[in-house]
$ cat coords_25.cif   # mmCIF, C-alpha atoms
data_structure
loop_
_atom_site.label_atom_id
_atom_site.label_comp_id
_atom_site.auth_asym_id
_atom_site.auth_seq_id
_atom_site.Cartn_x
_atom_site.Cartn_y
_atom_site.Cartn_z
CA MET A 1 -95.50 327.25 136.24
CA SER A 2 -95.88 323.95 134.50
CA ASP A 3 -96.58 320.65 136.13
CA SER A 4 -92.97 319.58 136.03
CA THR A 5 -91.87 322.24 138.53
CA ALA A 6 -94.48 320.97 140.97
CA THR A 7 -93.32 317.43 140.37
CA VAL A 8 -89.73 318.28 141.21
CA ASN A 9 -90.74 320.45 144.16
CA GLY A 10 -93.08 317.89 145.62
CA ALA A 11 -90.78 314.92 145.32
CA PRO A 12 -89.03 314.73 148.70
CA GLU A 13 -90.42 311.23 149.25
CA ALA A 14 -88.66 310.21 146.09
CA HIS A 15 -85.26 311.05 147.59
CA GLY A 16 -82.73 308.27 147.42
CA ILE A 17 -84.58 306.62 144.64
CA PRO A 18 -82.44 307.04 141.57
CA HIS A 19 -84.57 309.00 139.19
CA GLY A 20 -83.81 309.10 135.55
CA HIS A 21 -82.47 312.22 133.91
CA GLU A 22 -85.60 312.42 131.83
CA GLU A 23 -87.35 314.04 134.80
CA HIS A 24 -85.62 317.37 134.36
CA PRO A 25 -83.52 319.27 131.83
CA ALA A 26 -79.88 318.15 131.74
CA TYR A 27 -78.66 321.56 132.88
CA LEU A 28 -80.56 321.41 136.19
CA ARG A 29 -78.00 320.52 138.85
CA HIS A 30 -79.16 317.96 141.38
CA HIS A 31 -78.77 320.20 144.44
CA PHE A 32 -81.39 322.60 143.12
CA ALA A 33 -85.09 321.91 143.48
CA SER A 34 -86.03 323.54 140.21
CA VAL A 35 -84.66 325.33 137.16
CA GLU A 36 -86.15 328.52 138.56
CA GLN A 37 -84.36 328.16 141.89
CA GLN A 38 -81.11 327.40 140.11
CA ALA A 39 -81.43 330.52 137.94
CA ASP A 40 -82.30 332.73 140.95
CA THR A 41 -79.35 331.39 142.93
CA THR A 42 -76.82 332.01 140.14
CA ASN A 43 -78.28 335.47 139.58
CA PHE A 44 -77.92 336.23 143.30
CA ALA A 45 -74.30 335.04 143.27
CA MET A 46 -73.50 337.18 140.24
CA TRP A 47 -74.92 340.24 141.99
CA LEU A 48 -72.83 339.53 145.08
CA PHE A 49 -69.75 339.49 142.85
CA LEU A 50 -70.83 342.76 141.23
CA LEU A 51 -71.22 344.31 144.71
CA THR A 52 -67.56 343.54 145.43
CA GLU A 53 -66.78 345.22 142.10
CA ILE A 54 -68.82 348.28 143.13
CA MET A 55 -66.77 348.51 146.35
CA PHE A 56 -63.53 348.07 144.39
CA PHE A 57 -64.21 350.81 141.85
CA GLY A 58 -65.90 352.85 144.60
CA GLY A 59 -62.58 353.07 146.44
CA LEU A 60 -60.92 354.49 143.32
CA PHE A 61 -63.75 356.98 142.79
CA THR A 62 -63.52 358.11 146.43
CA ALA A 63 -59.76 358.62 146.13
CA TYR A 64 -60.36 360.69 143.00
CA LEU A 65 -63.02 362.78 144.76
CA ILE A 66 -60.80 363.55 147.75
CA TYR A 67 -57.64 364.35 145.78
CA ARG A 68 -59.58 366.46 143.30
CA ASN A 69 -60.75 368.62 146.20
CA TRP A 70 -57.28 368.85 147.71
CA TYR A 71 -55.36 369.67 144.55
CA TYR A 72 -58.21 371.28 142.63
CA PRO A 73 -56.20 373.56 140.24
CA ALA A 74 -53.86 370.69 139.32
CA PHE A 75 -56.76 368.30 138.65
CA VAL A 76 -58.62 370.88 136.55
CA ALA A 77 -55.57 371.66 134.40
CA ALA A 78 -54.63 367.99 134.05
CA SER A 79 -58.14 366.97 132.97
CA HIS A 80 -57.92 369.56 130.17
CA GLN A 81 -55.38 367.19 128.61
CA LEU A 82 -58.07 364.59 127.92
CA ASN A 83 -59.71 364.54 124.51
CA ILE A 84 -63.49 364.98 124.84
CA PHE A 85 -64.07 363.76 121.27
CA TRP A 86 -62.44 360.38 121.89
CA GLY A 87 -64.11 360.12 125.31
CA THR A 88 -67.55 360.75 123.82
CA ALA A 89 -66.90 358.34 120.96
CA ASN A 90 -65.84 355.64 123.42
CA THR A 91 -68.96 356.23 125.54
CA GLY A 92 -71.07 355.70 122.42
CA VAL A 93 -69.13 352.56 121.52
CA LEU A 94 -69.53 351.10 125.01
CA ILE A 95 -73.26 351.89 125.24
CA SER A 96 -73.70 350.27 121.81
CA SER A 97 -71.86 347.18 123.01
CA SER A 98 -74.15 347.02 126.04
CA PHE A 99 -77.12 347.20 123.68
CA THR A 100 -75.81 344.40 121.46
CA MET A 101 -75.14 342.34 124.61
CA ALA A 102 -78.71 342.90 125.83
CA MET A 103 -79.98 341.83 122.41
CA GLY A 104 -77.72 338.77 122.66
CA VAL A 105 -79.44 337.79 125.92
CA TRP A 106 -82.79 338.21 124.20
CA CYS A 107 -81.64 336.03 121.27
CA ALA A 108 -80.51 333.33 123.73
CA GLU A 109 -83.81 333.51 125.60
CA THR A 110 -85.81 333.19 122.39
CA ARG A 111 -83.43 330.54 121.01
CA ARG A 112 -82.16 332.46 118.00
CA LYS A 113 -78.76 330.89 117.48
CA SER A 114 -77.47 332.94 114.54
CA GLY A 115 -78.82 336.12 116.13
CA LEU A 116 -76.98 335.31 119.35
CA VAL A 117 -73.71 334.67 117.51
CA LEU A 118 -74.12 337.94 115.59
CA CYS A 119 -74.80 339.92 118.80
CA LEU A 120 -71.83 338.37 120.60
CA VAL A 121 -69.53 339.09 117.65
CA LEU A 122 -70.75 342.71 117.52
CA THR A 123 -70.19 343.07 121.28
CA PHE A 124 -66.72 341.54 120.86
CA VAL A 125 -65.84 343.95 118.01
CA LEU A 126 -67.20 347.01 119.85
CA GLY A 127 -65.16 346.01 122.89
CA LEU A 128 -62.04 345.92 120.71
CA VAL A 129 -62.93 349.32 119.20
CA PHE A 130 -63.17 350.74 122.73
CA LEU A 131 -59.71 349.40 123.58
CA GLY A 132 -58.36 350.72 120.27
CA ILE A 133 -59.58 354.24 121.04
CA LYS A 134 -58.16 353.92 124.54
CA THR A 135 -54.80 353.02 122.98
CA ILE A 136 -54.89 356.22 120.88
CA GLU A 137 -55.53 358.23 124.06
CA TYR A 138 -52.85 356.42 126.08
CA SER A 139 -50.21 356.84 123.37
CA GLU A 140 -50.81 360.61 123.39
CA LYS A 141 -50.14 360.59 127.15
CA VAL A 142 -46.90 358.69 126.55
CA GLU A 143 -45.82 361.17 123.87
CA LYS A 144 -46.48 364.15 126.15
CA HIS A 145 -44.73 362.50 129.12
CA HIS A 146 -47.97 362.43 131.11
CA VAL A 147 -47.54 358.87 132.34
CA PRO A 148 -46.64 359.00 136.07
CA GLY A 149 -43.09 357.90 136.77
CA PHE A 150 -39.50 358.93 136.11
CA HIS A 151 -40.30 360.49 132.75
CA TYR A 152 -43.24 362.55 133.94
CA SER A 153 -43.16 366.18 132.75
CA VAL A 154 -45.03 369.13 134.32
CA GLN A 155 -44.08 371.42 131.44
CA ALA A 156 -47.62 371.60 130.05
CA PHE A 157 -48.79 372.92 133.43
CA THR A 158 -45.95 375.24 134.52
CA ASN A 159 -45.87 376.66 130.99
CA PRO A 160 -49.24 375.96 129.31
CA ALA A 161 -48.31 377.88 126.15
CA SER A 162 -45.74 375.13 125.42
CA ASP A 163 -48.69 372.83 124.68
CA PRO A 164 -50.45 374.86 121.94
CA GLU A 165 -53.22 372.32 121.22
CA THR A 166 -54.61 372.41 124.73
CA TYR A 167 -53.69 376.05 125.30
CA LYS A 168 -55.74 377.44 122.44
CA GLU A 169 -58.86 375.77 123.83
CA TYR A 170 -58.49 376.34 127.58
CA LYS A 171 -56.03 379.26 128.02
CA ASP A 172 -54.81 377.78 131.34
CA LYS A 173 -52.66 380.05 133.50
CA PRO A 174 -49.17 378.83 134.45
CA MET A 175 -49.14 376.96 137.76
CA PRO A 176 -46.42 377.13 140.41
CA LEU A 177 -44.35 373.94 140.49
CA ASP A 178 -45.62 372.74 143.87
CA MET A 179 -49.19 372.64 142.51
CA ALA A 180 -48.21 371.54 138.99
CA ARG A 181 -46.48 368.44 140.34
CA HIS A 182 -49.85 367.22 141.69
CA THR A 183 -51.06 366.78 138.10
CA GLU A 184 -49.05 363.55 138.26
CA LEU A 185 -51.53 362.34 140.87
CA TYR A 186 -54.40 363.08 138.49
CA PHE A 187 -52.76 360.99 135.78
CA PHE A 188 -51.98 358.26 138.29
CA LEU A 189 -55.68 358.04 139.15
CA TYR A 190 -56.61 358.41 135.46
CA PHE A 191 -54.46 355.41 134.52
CA ALA A 192 -55.51 353.41 137.59
CA MET A 193 -59.23 353.92 136.93
CA THR A 194 -59.32 353.65 133.13
CA GLY A 195 -56.66 350.91 133.28
CA MET A 196 -58.71 348.82 135.72
CA HIS A 197 -61.74 349.47 133.54
CA ALA A 198 -59.78 348.41 130.44
CA LEU A 199 -58.60 345.26 132.24
CA HIS A 200 -62.25 344.39 132.90
CA MET A 201 -62.95 344.96 129.20
CA ILE A 202 -60.06 342.66 128.21
CA ILE A 203 -61.32 339.90 130.52
CA GLY A 204 -64.84 340.42 129.14
CA ILE A 205 -63.63 340.26 125.53
CA ALA A 206 -61.74 337.03 126.28
CA ILE A 207 -64.89 335.46 127.76
CA LEU A 208 -66.88 336.75 124.76
CA GLY A 209 -64.49 334.96 122.41
CA PHE A 210 -65.09 331.73 124.33
CA MET A 211 -68.86 332.33 124.26
CA ILE A 212 -68.90 332.91 120.49
CA PHE A 213 -67.46 329.41 119.94
CA ARG A 214 -69.90 327.87 122.42
CA ALA A 215 -72.83 329.77 120.93
CA ARG A 216 -71.96 328.56 117.43
CA ALA A 217 -72.18 325.02 118.80
CA GLY A 218 -75.66 325.89 120.06
CA ALA A 219 -74.80 325.90 123.76
CA TYR A 220 -76.92 328.83 124.87
CA THR A 221 -79.99 328.39 122.73
CA THR A 222 -81.42 325.30 124.38
CA GLY A 223 -83.27 327.15 127.12
CA HIS A 224 -80.32 327.40 129.50
CA VAL A 225 -79.30 331.05 129.28
CA THR A 226 -77.71 331.55 132.70
CA PHE A 227 -74.16 331.96 131.40
CA VAL A 228 -75.08 334.51 128.72
CA GLU A 229 -77.32 336.36 131.16
CA ASN A 230 -74.70 336.59 133.91
CA PHE A 231 -71.99 337.59 131.47
CA GLY A 232 -74.42 340.30 130.32
CA LEU A 233 -74.64 341.54 133.92
CA TYR A 234 -70.83 341.78 134.04
CA TRP A 235 -70.64 343.59 130.71
CA HIS A 236 -73.34 346.10 131.70
CA PHE A 237 -71.56 346.69 135.00
CA VAL A 238 -68.36 347.58 133.14
CA ASP A 239 -70.50 349.94 131.04
CA ILE A 240 -71.86 351.61 134.20
CA VAL A 241 -68.33 352.18 135.53
CA TRP A 242 -67.50 354.01 132.29
CA ILE A 243 -70.76 356.02 132.52
CA PHE A 244 -69.30 357.58 135.69
CA LEU A 245 -65.63 357.64 134.63
CA PHE A 246 -66.38 359.63 131.49
CA PRO A 247 -67.98 362.75 133.07
CA LEU A 248 -65.73 362.70 136.15
CA LEU A 249 -62.44 362.46 134.25
CA TYR A 250 -63.23 364.26 131.00
CA LEU A 251 -66.10 366.68 131.46
CA ILE A 252 -66.63 368.30 134.85
CA SER A 253 -63.53 370.52 134.83
CA ARG A 254 -63.97 372.12 131.43
CA HIS A 255 -64.81 375.57 132.78
CA GLN A 256 -62.63 375.95 135.83
CA MET B 1 -91.57 313.58 129.50
CA SER B 2 -92.41 315.71 126.53
CA GLU B 3 -94.12 318.19 128.85
CA ILE B 4 -91.00 318.49 130.96
CA THR B 5 -88.66 319.18 128.10
CA HIS B 6 -91.00 321.93 126.99
CA GLN B 7 -90.76 323.68 130.31
CA PRO B 8 -88.07 326.28 129.58
CA ALA B 9 -90.01 327.51 126.58
CA GLU B 10 -93.08 328.29 128.67
CA ASN B 11 -91.46 330.86 130.87
CA HIS B 12 -94.38 333.18 131.31
CA GLY B 13 -95.22 332.66 134.95
CA GLU B 14 -94.70 335.44 137.49
CA HIS B 15 -91.71 333.82 139.13
CA GLU B 16 -90.27 332.38 135.99
CA HIS B 17 -87.69 333.82 133.68
CA HIS B 18 -88.74 337.20 132.29
CA VAL B 19 -87.92 337.92 128.67
CA THR B 20 -87.53 341.64 127.99
CA PRO B 21 -88.74 342.47 124.47
CA PRO B 22 -86.18 344.10 122.10
CA ILE B 23 -88.22 347.30 121.81
CA VAL B 24 -87.44 348.04 125.48
CA TYR B 25 -83.71 347.61 124.79
CA ILE B 26 -83.93 349.83 121.70
CA ILE B 27 -85.72 352.63 123.62
CA VAL B 28 -83.25 352.43 126.52
CA PHE B 29 -80.33 352.43 124.05
CA ALA B 30 -81.71 355.57 122.36
CA ILE B 31 -82.21 357.34 125.72
CA LEU B 32 -78.67 356.43 126.78
CA LEU B 33 -77.22 357.91 123.58
CA VAL B 34 -79.29 361.10 123.99
CA CYS B 35 -78.14 361.40 127.62
CA THR B 36 -74.52 361.02 126.52
CA GLY B 37 -75.05 363.91 124.12
CA LEU B 38 -76.75 365.91 126.90
CA THR B 39 -73.94 365.38 129.39
CA VAL B 40 -71.31 366.44 126.82
CA GLY B 41 -73.43 369.47 125.86
CA ALA B 42 -73.93 370.41 129.51
CA SER B 43 -70.17 370.38 130.06
CA TYR B 44 -69.83 373.19 127.46
CA ILE B 45 -72.23 375.43 129.45
CA GLU B 46 -70.75 377.40 132.33
CA MET B 47 -72.71 376.41 135.45
CA GLY B 48 -70.10 376.75 138.18
CA VAL B 49 -70.63 374.21 140.95
CA PHE B 50 -73.57 372.74 139.05
CA ASN B 51 -71.40 371.32 136.26
CA PRO B 52 -70.33 368.25 138.28
CA ILE B 53 -73.79 367.96 139.84
CA VAL B 54 -75.54 367.89 136.44
CA ALA B 55 -72.92 365.48 135.06
CA LEU B 56 -73.37 363.10 138.01
CA ALA B 57 -77.18 363.40 137.91
CA ILE B 58 -77.21 362.39 134.23
CA GLY B 59 -74.74 359.60 135.05
CA VAL B 60 -76.96 358.28 137.84
CA PHE B 61 -79.98 358.41 135.51
CA LYS B 62 -78.11 356.47 132.80
CA ALA B 63 -76.81 353.91 135.31
CA THR B 64 -80.34 353.45 136.68
CA LEU B 65 -81.67 352.73 133.18
CA VAL B 66 -78.88 350.20 132.55
CA ILE B 67 -79.51 348.49 135.90
CA LEU B 68 -83.29 348.37 135.58
CA PHE B 69 -83.60 347.30 131.94
CA PHE B 70 -80.31 346.03 130.46
CA MET B 71 -79.53 344.16 133.69
CA GLY B 72 -83.19 343.33 134.18
CA VAL B 73 -83.40 344.27 137.86
CA LYS B 74 -86.89 345.69 137.26
CA TYR B 75 -88.09 342.15 136.49
CA SER B 76 -85.85 340.27 138.91
CA THR B 77 -86.59 338.65 142.25
CA LYS B 78 -86.98 340.56 145.51
CA LEU B 79 -83.74 338.94 146.66
CA THR B 80 -81.79 340.53 143.80
CA LYS B 81 -83.40 343.92 144.38
CA LEU B 82 -82.61 343.72 148.10
CA THR B 83 -79.04 342.62 147.39
CA LEU B 84 -78.43 345.53 145.04
CA GLY B 85 -80.15 347.98 147.42
CA ALA B 86 -78.08 346.78 150.38
CA GLY B 87 -74.90 347.01 148.32
CA LEU B 88 -75.58 350.54 147.11
CA PHE B 89 -76.54 351.63 150.63
CA THR B 90 -73.29 350.21 152.06
CA PHE B 91 -71.31 351.87 149.26
CA LEU B 92 -72.91 355.28 149.94
CA ALA B 93 -72.47 354.85 153.72
CA LEU B 94 -68.75 354.14 153.22
CA ILE B 95 -68.30 357.18 150.96
CA PHE B 96 -70.27 359.35 153.38
CA MET B 97 -68.17 358.28 156.37
CA THR B 98 -64.89 358.68 154.47
CA LEU B 99 -65.80 362.14 153.20
CA SER B 100 -67.12 363.33 156.58
CA ASP B 101 -63.72 362.40 158.02
CA TYR B 102 -61.80 364.27 155.34
CA ILE B 103 -63.90 367.46 155.40
CA SER B 104 -63.84 367.72 159.21
CA ARG B 105 -60.05 367.77 159.59
CA ALA B 106 -57.30 370.12 158.46
CA TRP B 107 -55.10 367.39 157.09
CA GLY B 108 -53.76 367.06 153.61
CA ARG B 109 -53.41 370.72 152.73
CA TRP B 110 -49.69 370.95 152.31
#

$ encode --input "coords_25.cif" --output "structure tokens"
Amino acid sequence: MSDSTATVNGAPEAHGIPHGHEEHPAYLRHHFASVEQQADTTNFAMWLFLLTEIMFFGGLFTAYLIYRNWYYPAFVAASHQLNIFWGTANTGVLISSSFTMAMGVWCAETRRKSGLVLCLVLTFVLGLVFLGIKTIEYSEKVEKHHVPGFHYSVQAFTNPASDPETYKEYKDKPMPLDMARHTELYFFLYFAMTGMHALHMIIGIAILGFMIFRARAGAYTTGHVTFVENFGLYWHFVDIVWIFLFPLLYLISRHQ
Amino acid sequence: MSEITHQPAENHGEHEHHVTPPIVYIIVFAILLVCTGLTVGASYIEMGVFNPIVALAIGVFKATLVILFFMGVKYSTKLTKLTLGAGLFTFLALIFMTLSDYISRAWGRW
């Protein structure tokens, strides 16, 4: 709480009098009383946006919960198709990228320009690694005809032995066709949820690319860290979504 | 003037910008990785109905750590805490109402 905050706060009588920009940092917008109020307001707005995101993904999670209870055998067998190794690896990658992002915010706060650029580049690369692993997983679904649509195949569920890789691990029993066809719903939700998550990653990576250029020019290491901080909130939110997607899609049906 | 330009660097007041030290991030990062290992390990143990419960409990714990420390809610303003709390409450209320509708009717089982 330095004197300057008090000066800006206690200056209503100075309204209308054009005051020079030397009274406050250039990044303080004129409709805010202080840097602190400006930062709190932007933070509040970012959290409101994240709440809408919680509701958005929450709807998908609720749909998954309800359909999993309705078509339980189909959802269990379908989730056996997911590769736990790649899922775990991707969780590690995403948590690491959240860590590098958090360190990036710290670098911006403590005005370490090269550190910030390094952290943003690492976050950018880890984000791409996540998408790369997701591509490996998606392409396997395409090969096995597990993408919902005209080419969807229930063969792996009506005749599990035809899919030896999964069969030797889970020994699933053959399902009647009317239950097996509901596996398509599992994969629909799988692609909707991980696809929406991946779209958020792609948007985040694009913004990261922009931020790397700005950070190299020294934009975030002058004491104004709002942009980096709020992008960090977004990136961590995307991480949290995956923290729930991973166990719900990959792990909880291993034994049924 | 020189005092004013120094202002952002002196962010140590209670209501000013909090800077979380890297050691906190490193500890949280390590705990998150351990929890990921735990949740994968737990999925290989047969626990019946408790498999999803354990998985979700670990997930909630990890998400709480991310929210409190990576997202800095622990050090944020009361307004932010209230906003997040209100949002989570609304989210849970919506899920609760939706599920209570679905479990109290015979629809969907065909």

$ resolve_selection --input "coords_25.cif" --expression "the PyMOL selection byres ((chain A) within 7 of (chain B))" --output "VMD selection string"
chain A and resid 1 to 2 4 22 to 25 36 44 51 55 62 70 92 99 102 to 103 106 109 223 233 236 240 243 to 244 247 251 to 252 254 to 255

$ atom_distance --input "coords_25.cif" --atom1 "CA of Leu120 (chain A)" --atom2 "CA of Gln37 (chain A)"
26.7 Å

$ atom_distance --input "coords_25.cif" --atom1 "CA of Ile136 (chain A)" --atom2 "CA of Tyr186 (chain A)"
18.9 Å

$ resolve_selection --input "coords_25.cif" --expression "the PyMOL selection byres ((chain A and resi 152) around 10)" --output "count of residues only"
17

$ resolve_selection --input "coords_25.cif" --expression "the PyMOL selection byres ((chain A and resi 77) around 10)" --output "PyMOL selection string"
chain A and resi 72-76+78-82+156-157+160+166+170-175+180+183+186+253-254+256

$ closest_residue --input "coords_25.cif" --among "A:Ala215, A:Met193, A:Leu28, A:Ala33" --to "Cys119 (chain A)" --atoms "only C-alpha atoms"
A:Ala215

$ atom_distance --input "coords_25.cif" --atom1 "CA of Thr123 (chain A)" --atom2 "CA of Val35 (chain A)"
27.9 Å

$ residues_near_point --input "coords_25.cif" --point "(-72.1, 341.6, 139.5)" --cutoff "10 Å" --atoms "only C-alpha atoms" --output "number ranges by chain"
A: 43-54, 230-238; B: 71, 84

$ closest_residue --input "coords_25.cif" --among "A:Val228, A:Ile212, A:Ile133, A:Thr221" --to "Val117 (chain A)" --atoms "only C-alpha atoms"
A:Ile212

$ build_atoms --input "coords_25.cif" --residues "region 68-88 of chain A" --atoms "N, CA, C and O atoms" --output "mmCIF file, in the frame of the given file"
data_model
loop_
_atom_site.group_PDB
_atom_site.id
_atom_site.type_symbol
_atom_site.label_atom_id
_atom_site.label_comp_id
_atom_site.auth_asym_id
_atom_site.auth_seq_id
_atom_site.Cartn_x
_atom_site.Cartn_y
_atom_site.Cartn_z
ATOM 1 N N ARG A 68 -59.146 365.356 144.166
ATOM 2 C CA ARG A 68 -59.580 366.460 143.300
ATOM 3 C C ARG A 68 -59.900 367.687 144.141
ATOM 4 O O ARG A 68 -59.627 368.813 143.751
ATOM 5 N N ASN A 69 -60.457 367.494 145.321
ATOM 6 C CA ASN A 69 -60.750 368.620 146.200
ATOM 7 C C ASN A 69 -59.484 369.205 146.817
ATOM 8 O O ASN A 69 -59.403 370.413 147.017
ATOM 9 N N TRP A 70 -58.526 368.364 147.106
ATOM 10 C CA TRP A 70 -57.280 368.850 147.710
ATOM 11 C C TRP A 70 -56.451 369.658 146.716
ATOM 12 O O TRP A 70 -55.957 370.735 147.025
ATOM 13 N N TYR A 71 -56.258 369.066 145.541
ATOM 14 C CA TYR A 71 -55.360 369.670 144.550
ATOM 15 C C TYR A 71 -56.184 370.135 143.352
ATOM 16 O O TYR A 71 -55.889 369.797 142.214
ATOM 17 N N TYR A 72 -57.212 370.899 143.635
ATOM 18 C CA TYR A 72 -58.210 371.280 142.630
ATOM 19 C C TYR A 72 -57.591 371.887 141.363
ATOM 20 O O TYR A 72 -57.875 371.402 140.263
ATOM 21 N N PRO A 73 -56.741 372.948 141.469
ATOM 22 C CA PRO A 73 -56.200 373.560 140.240
ATOM 23 C C PRO A 73 -55.419 372.554 139.390
ATOM 24 O O PRO A 73 -55.531 372.565 138.161
ATOM 25 N N ALA A 74 -54.644 371.674 140.056
ATOM 26 C CA ALA A 74 -53.860 370.690 139.320
ATOM 27 C C ALA A 74 -54.782 369.711 138.588
ATOM 28 O O ALA A 74 -54.548 369.368 137.422
ATOM 29 N N PHE A 75 -55.848 369.273 139.274
ATOM 30 C CA PHE A 75 -56.760 368.300 138.650
ATOM 31 C C PHE A 75 -57.533 368.923 137.486
ATOM 32 O O PHE A 75 -57.781 368.273 136.485
ATOM 33 N N VAL A 76 -57.906 370.203 137.639
ATOM 34 C CA VAL A 76 -58.620 370.880 136.550
ATOM 35 C C VAL A 76 -57.726 370.982 135.318
ATOM 36 O O VAL A 76 -58.122 370.590 134.216
ATOM 37 N N ALA A 77 -56.481 371.485 135.537
ATOM 38 C CA ALA A 77 -55.570 371.660 134.400
ATOM 39 C C ALA A 77 -55.234 370.320 133.762
ATOM 40 O O ALA A 77 -55.199 370.195 132.531
ATOM 41 N N ALA A 78 -55.006 369.301 134.594
ATOM 42 C CA ALA A 78 -54.630 367.990 134.050
ATOM 43 C C ALA A 78 -55.780 367.388 133.239
ATOM 44 O O ALA A 78 -55.554 366.778 132.193
ATOM 45 N N SER A 79 -57.019 367.580 133.702
ATOM 46 C CA SER A 79 -58.140 366.970 132.970
ATOM 47 C C SER A 79 -58.358 367.663 131.628
ATOM 48 O O SER A 79 -58.986 367.098 130.739
ATOM 49 N N HIS A 80 -57.827 368.892 131.476
ATOM 50 C CA HIS A 80 -57.920 369.560 130.170
ATOM 51 C C HIS A 80 -57.088 368.833 129.114
ATOM 52 O O HIS A 80 -57.224 369.107 127.926
ATOM 53 N N GLN A 81 -56.205 367.942 129.555
ATOM 54 C CA GLN A 81 -55.380 367.190 128.610
ATOM 55 C C GLN A 81 -56.157 366.061 127.934
ATOM 56 O O GLN A 81 -55.707 365.509 126.935
ATOM 57 N N LEU A 82 -57.321 365.697 128.507
ATOM 58 C CA LEU A 82 -58.070 364.590 127.920
ATOM 59 C C LEU A 82 -58.875 365.089 126.716
ATOM 60 O O LEU A 82 -59.331 366.223 126.677
ATOM 61 N N ASN A 83 -59.037 364.193 125.751
ATOM 62 C CA ASN A 83 -59.710 364.540 124.510
ATOM 63 C C ASN A 83 -61.198 364.175 124.608
ATOM 64 O O ASN A 83 -61.553 363.000 124.646
ATOM 65 N N ILE A 84 -62.055 365.217 124.647
ATOM 66 C CA ILE A 84 -63.490 364.980 124.840
ATOM 67 C C ILE A 84 -64.079 364.229 123.646
ATOM 68 O O ILE A 84 -64.976 363.401 123.809
ATOM 69 N N PHE A 85 -63.540 364.475 122.441
ATOM 70 C CA PHE A 85 -64.070 363.760 121.270
ATOM 71 C C PHE A 85 -63.910 362.253 121.411
ATOM 72 O O PHE A 85 -64.867 361.490 121.257
ATOM 73 N N TRP A 86 -62.670 361.833 121.751
ATOM 74 C CA TRP A 86 -62.440 360.380 121.890
ATOM 75 C C TRP A 86 -63.241 359.818 123.058
ATOM 76 O O TRP A 86 -63.758 358.693 122.993
ATOM 77 N N GLY A 87 -63.337 360.588 124.149
ATOM 78 C CA GLY A 87 -64.110 360.120 125.310
ATOM 79 C C GLY A 87 -65.567 359.901 124.963
ATOM 80 O O GLY A 87 -66.162 358.883 125.326
ATOM 81 N N THR A 88 -66.148 360.869 124.224
ATOM 82 C CA THR A 88 -67.550 360.750 123.820
ATOM 83 C C THR A 88 -67.736 359.572 122.881
ATOM 84 O O THR A 88 -68.676 358.774 123.027
#
